[in-house]
Structures are given as C-alpha cells and as structure tokens.
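Student: Mind looking over this structure? Questions follow.
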Amino acid sequence: MPPVPAELRVQLERRYVLIFSICLAVVLSFPWVYAQIVAPARAAYSGFEYNADDHMVYASWMRQAMSGHLMMDNRFAVETQPGLTINLYFFALGQLARLTGIAAAAHIARIGLSVLLVNLLYGLIRRLTKDVYTTKLALTLAVVAGGIGFLVWHNFGQAFTRATPLGAVISPLLGGQLPTDVWQPEGFTFPSMLTNSLFVASLCLIVYVFRCVLDSRDSWRPVLPGAIAFGVLMNIHSYDALLIALVLVGFLVATAVQKGITGAWVGRAACIGAGAVPAALWFLHVLKNDPVFQARAATETYSPNFRQLLFGYFVMVVLAIWGIARERLGRRTAIGLAGFSILVVGMFALGTQPYEGYFLSYATWGVVMLAGLGVIAALSREEPVWNLMISWAVLGLLIPYFPALFQRKLTMGLSIPWAILAAIGLAGLGRSFERQARNLITVLGIIVLSGTSIYWILSREKSLISANVSNTTVHSVFLSPNVRDIVAYLDGLQPRRVVVLARPGVPNPASVIVDGEVKTEPDQWQTPYIPDLNPFMTGLAGAYTYAGHWSETPDYAKRRSVASRVFDARLTDEDRTEALKETQADFIIAPVPEAFPELPLADLRSYGTVRIDGPQFRLIEVSR
C-alpha cells in the first residue's frame, strides 16, 4: 500500500481523534445517565460508585474550596491541625462546583480531561507510528486496553471468591489474588477515565511533561510550560513525580546508548524537572508540621504481587514483544528481549505471596532496576520517543516495587506504553494479511484487549448503581431523602466547625437458598444494611468526622470500634457517655432502632436535641 501524503494523514488522523473523543465522552457519561434513570424517588446520586469513600476525600477538598479555602485541612480527623494542605486541582474543581455541585463538577472534569488526554496521547503516538492505521490502532488501545481480568471478573474485592473453571486454573498462579486490571483503575486508562477525574488529570500532566521533555531537545520553548505542569503534578498527585523521574532515567540511558544526548537537552530537561521542586518542598513542610498528615502518609498501601501486575498487562506485553522481535530482531534486540524475559520470569517466580509488605528490599530493587536499564539500553533506537516508550513500559513494571509507602500508586498509566507497543505489534501482524483479514484481526484484537474495560462499565458500574452499593460494600450510591436532609442541615452550619458521628456501615451480602439453607453468594453485595454516612458528611457537608476514612483518619480501626460502641444498645449509659466524649461529636446521626431490627441499636434521643427526625436516621445535636 503506497504511503499516505503527510497532509492527508494529518486530516484522517485528526478526524478519527475527533470522532473517537465524541464517542468516548458519550460512553463515559453512561454511569451518570443510567444513575439518573434508576435513582429511587427523591434520592440523590452521589456521583461515585467505585471507591466512594476515597472520592469523599476529594469532595472534602472541593467543599473547602467552595468556601474559599486554598489551604485545607483533613476533616476526617478531629485533631487540631495547621491547615497547610494545598491541592490546586481540587481548588479549581471547587470553583466549578459552586455552579454545578460537587458530583456534577467531578463528572464534567472527568469527561473533559478524558477528551484532552486523547488529544495529548495522539500528539505523542504520531511521533512513533508511521501510518494512519497504526496511529488509530495505537490511540484506541492506549485508551481501552487491559489484561486478562475479563476472564476472571469480580465486581468486589481483590481476591478470587467465585469458583469458575478458568478461575481454578488462574487463581493458584496469582496467589488467589485477582489481576490488577480488575480492581486497580490508576494503572489503566479507561478505568481511570470512568472512575476518577484526578487520575485523568494526572495522566494528562504525565503525558504532557513527557512531550515537553521530547520537544526540549531543540528548543527552550517547552521548558516553562513543562516545568509548570511538573509542579502542578507534584502538587496534586505527588507519587507521579517519582514515576516520571525514574522513567526519564531509563530514557536518558537509552538515548545515551544511541549517542543522541546533548548537554543542552539534559539542561533543559533538568529545568523542567526543577518545576517540581517548590511543590516538593511544600510537601516536606506539611509532612514536618502536620501530625495528622504524618499519620496519613504512614498508611500501608503495598503494591500487588508481581503476578497480579503482570497478568493485568499480559496480552499487551506478549503482543509488544512479538512486534519488537518481528520488526527488528538483530543481535542487540534479541539480547534485550531475552534479558526482559529472564527479568519477568524471575520476578514472576519470586512473586508467590499476596501483598502484605514490600516485595523487594532497597538493595534488591536497585539490582532489578539496573537489570531493567540494561534491557532498555539493548532495546533502544535512534528515535527518542521509542526510547521513552520502552523506558516507561519496562521500568513501569519495576517501579511499583520501590520500597516506600503508597508504592501501589506508581503504576499510574502503565497501560499506555504497553498498549502503544502492543498496537505496533498487532498492526504488524495485520499487515501480513489482505485488507479484509487485517480488519478482522484488528477488530478481534481490540475486542480482546478491551474486554476488561467493557466489564468495568457494563458489569461493575451498572451493577453497583442498580444495587445501590459501592464496591466498598458499606457505602450506598444514592443518598436517601432522609440523608439528603441531614447533609443539607449540616452544610448550612458552615463555616462553623462541626464534628459528626455516624455509625460505621454494615454490609449486606447477597444470599441464595441451597438445599433449604441460606448461603452467602460470592461476589454479590446488596445495598448496605446500614450505610456508612461518615465520609459523606465530610465530603458533602464539610463536617469533621471521628471515624470517616480508612486512610485519612488516624488510628482508624480503633476509632471505628469506639464509634460502633456508641450506638450499641448493650453499652451502659456511663460507658456510652465516656465513648461519646472521646469522639468530640457535636452531632450524632443515629439509626432509628425500629428501622434496623437485626442490630442492637440504642435510642440516643436523650443525649441531645433532635434536629432531623427521619424514618431511618435522626440527626441529634449533642447536649454539653
């Protein structure tokens, strides 16, 4: 097939980008539209069904921004705080929320940033691909590609709980844990677009910084915008700054091997990196002076075992390796692919246990990274963008095991480089056949690689909304009229400092009758028996909560226990008064005992004045 003229190529590609962006925006709007259709009478859609409690952290910052606060505190804690946290993204989103409300602002940002990301990705991809077909395929897969998760799909949790023939084979290989494309949206583009606008904003900044580094080879023009973008990224999602820095180390090695490095380019790239320094220094200042932030930063959030991670990208990795070998299998490339295979097999062999700590020590991680740099050097080419993709892909599998807290966040956007490389491999395969067969192979390839993304929206999002339950199992998707009234009352008390105590949530597992016995149905949860309202009071009403969030609340497990005891009818009045005093609560959201007969709930009206008396919950202002 003769090459398409450059001008016509640009026209065809841009038309595809436009159509693809419009279709993507429509698809990403499905959860919002569907929720409006199925919402119970007078109930309000919270806007978040996946990790609802985490989204209430973001909502809390937006709510503070709506009140004009640039410097914010953690309202999931009742301790005195200096209020030093600054998040430019949620401050900006809070200004939009003044007009639209919090949930709608997050939805608008998620859609708009997803369209922006598509355009940023196109600008990166077209530097690497040589024809319209490969460019379209690479852009499509960069957005929708996932791993094998659709073959063993679960709507809840990170572990295999349902018995299936295929699951029986795969589960032992992965230590009983699901591949990451089932449950870790930040590592994949479409799940990020579907669930979290912060993740999409971070991906936009990551891609933009990489583009600025590439462009700074011959010009100072991209340095200032690149530095600003890097600084904003450090402020809003600091983990990604480390990801970029390490990927650029691999990029430097690959480009140096090809003798493409110049002192001026390194200097301009360093100036871009310097943009993150002010935000990093402020981060350290907050960490030093805010004990509550220190407790939050010490939360243990480990990366999944390597087997889970690899299977989350497995099909893409195989296609990418095949494509590299097919396109350019010289001696050095063969050594690089062999080295990569040995590295992956070794990590796979070691990754036998569920993640309960650091997989690698600092020394071992350093050795693994050096091996990864060797692979990158062997696979390097003259094209800088190729070296960037190889560095991001190879090191992206290793960086999440950097032995530091919140290492799991270092998978951000890992599907992007592997999807682009996989698209090159798939396009090469397609070109081996006639046009009709090529199109069939392309369609089948996209369907297989997008299987997990399809499950994210049609299985999980739709099911969670229909069942009115977040994947957390203890948070509802919709706020009942009773809860809406409570939120409105507490929100109206701003800017008064108010501490609210609600009973921690009680999940409601689905059950089936088997041989006359009631048994819990795996991977099925219904609307929580008692929803955990704590995070919603902080996120939507701006109140402080004693036990609001598993990570943001210091010593959460203990505080959750204390909070539960306050509502227990078996507790003596003396002990309840003491526990209530410890929580510092100004208001109690007390479940009405008659509405939840299966639990021993106390009638707490004697502890204060009832401000909202609803069929499920009472808002009681505590008497001092």
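Letters A, B, ... mark the chains of the structure tokens in the order given; residue numbers begin at 1 per chain; ligand numbers begin at 1, in order shown.
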Neighbours of region 469-475 of chain A within 12 Å (only C-alpha atoms; same-chain residues fewer than 3 positions away dropped), as a VMD selection string?
Tutor: chain A and resid 45 to 56 154 to 158 182 to 183 195 456 459 to 466 478 to 479 503 to 510 523 to 536 548 to 550
Student: Counting only C-alpha atoms, which residues of region 333-387 of chain A sit at most 12 Å from some atom of region 214-221 of chain A, and what is each one's closest atom pair with its distance in Å to one decimal, listed by chain and rising residue number, as a tab-separated table?
Tutor:
residue	atom	partner	partner_atom	distance
A:Glu383	CA	A:Leu214	CA	10.3
A:Pro384	CA	A:Leu214	CA	7.1
A:Val385	CA	A:Leu214	CA	7.2
A:Trp386	CA	A:Leu214	CA	10.8
A:Asn387	CA	A:Leu214	CA	10.5
Student: Once you have the residues from the selection above, write them out as a short mmCIF file (atom, residue, chain, number, x, y, z; two decimals), in the first residue's frame, restricted to N, CA, C and O atoms.
Tutor:
data_model
loop_
_atom_site.label_atom_id
_atom_site.label_comp_id
_atom_site.auth_asym_id
_atom_site.auth_seq_id
_atom_site.Cartn_x
_atom_site.Cartn_y
_atom_site.Cartn_z
N GLU A 383 15.22 6.81 17.62
CA GLU A 383 14.07 7.68 17.83
C GLU A 383 13.86 7.93 19.34
O GLU A 383 13.62 6.98 20.09
N PRO A 384 13.91 9.17 19.79
CA PRO A 384 13.73 9.46 21.22
C PRO A 384 12.40 8.97 21.77
O PRO A 384 12.33 8.45 22.89
N VAL A 385 11.31 9.11 21.02
CA VAL A 385 10.00 8.72 21.54
C VAL A 385 9.94 7.20 21.75
O VAL A 385 9.27 6.72 22.67
N TRP A 386 10.65 6.45 20.88
CA TRP A 386 10.72 5.00 21.10
C TRP A 386 11.41 4.69 22.42
O TRP A 386 10.95 3.85 23.20
N ASN A 387 12.51 5.37 22.69
CA ASN A 387 13.24 5.14 23.93
C ASN A 387 12.40 5.50 25.15
O ASN A 387 12.47 4.83 26.19
#
Student: As an exercise, work out the distance from CA of Gly396 (chain A) to CA of Gly372 (chain A) in Å and give it to one decimal place.
Tutor: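 These atoms are spaced 9.8 Å apart.
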Student: Running DSSP on the backbone, which parts of region 482-558 of chain A land in strand (DSSP E or B), as a PyMOL selection string?
Tutor: chain A and resi 499-502+506-514+517-530+544-545
Student: If we count only C-alpha atoms, what is near region 481-485 of chain A at a cut-off of 12 Å, once residues fewer than 5 positions away on the same chain are taken out, given as a VMD selection string?
Tutor: chain A and resid 39 to 46 476 490 to 492 502 530 to 534 536 to 537 540 to 541 589 to 592 611 to 619
Student: Mind pulling up the distance from CA of Ser623 (chain A) to CA of Thr583 (chain A)?
Tutor: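 Between CA of Thr583 (chain A) and CA of Ser623 (chain A) the gap is 13.7 Å.
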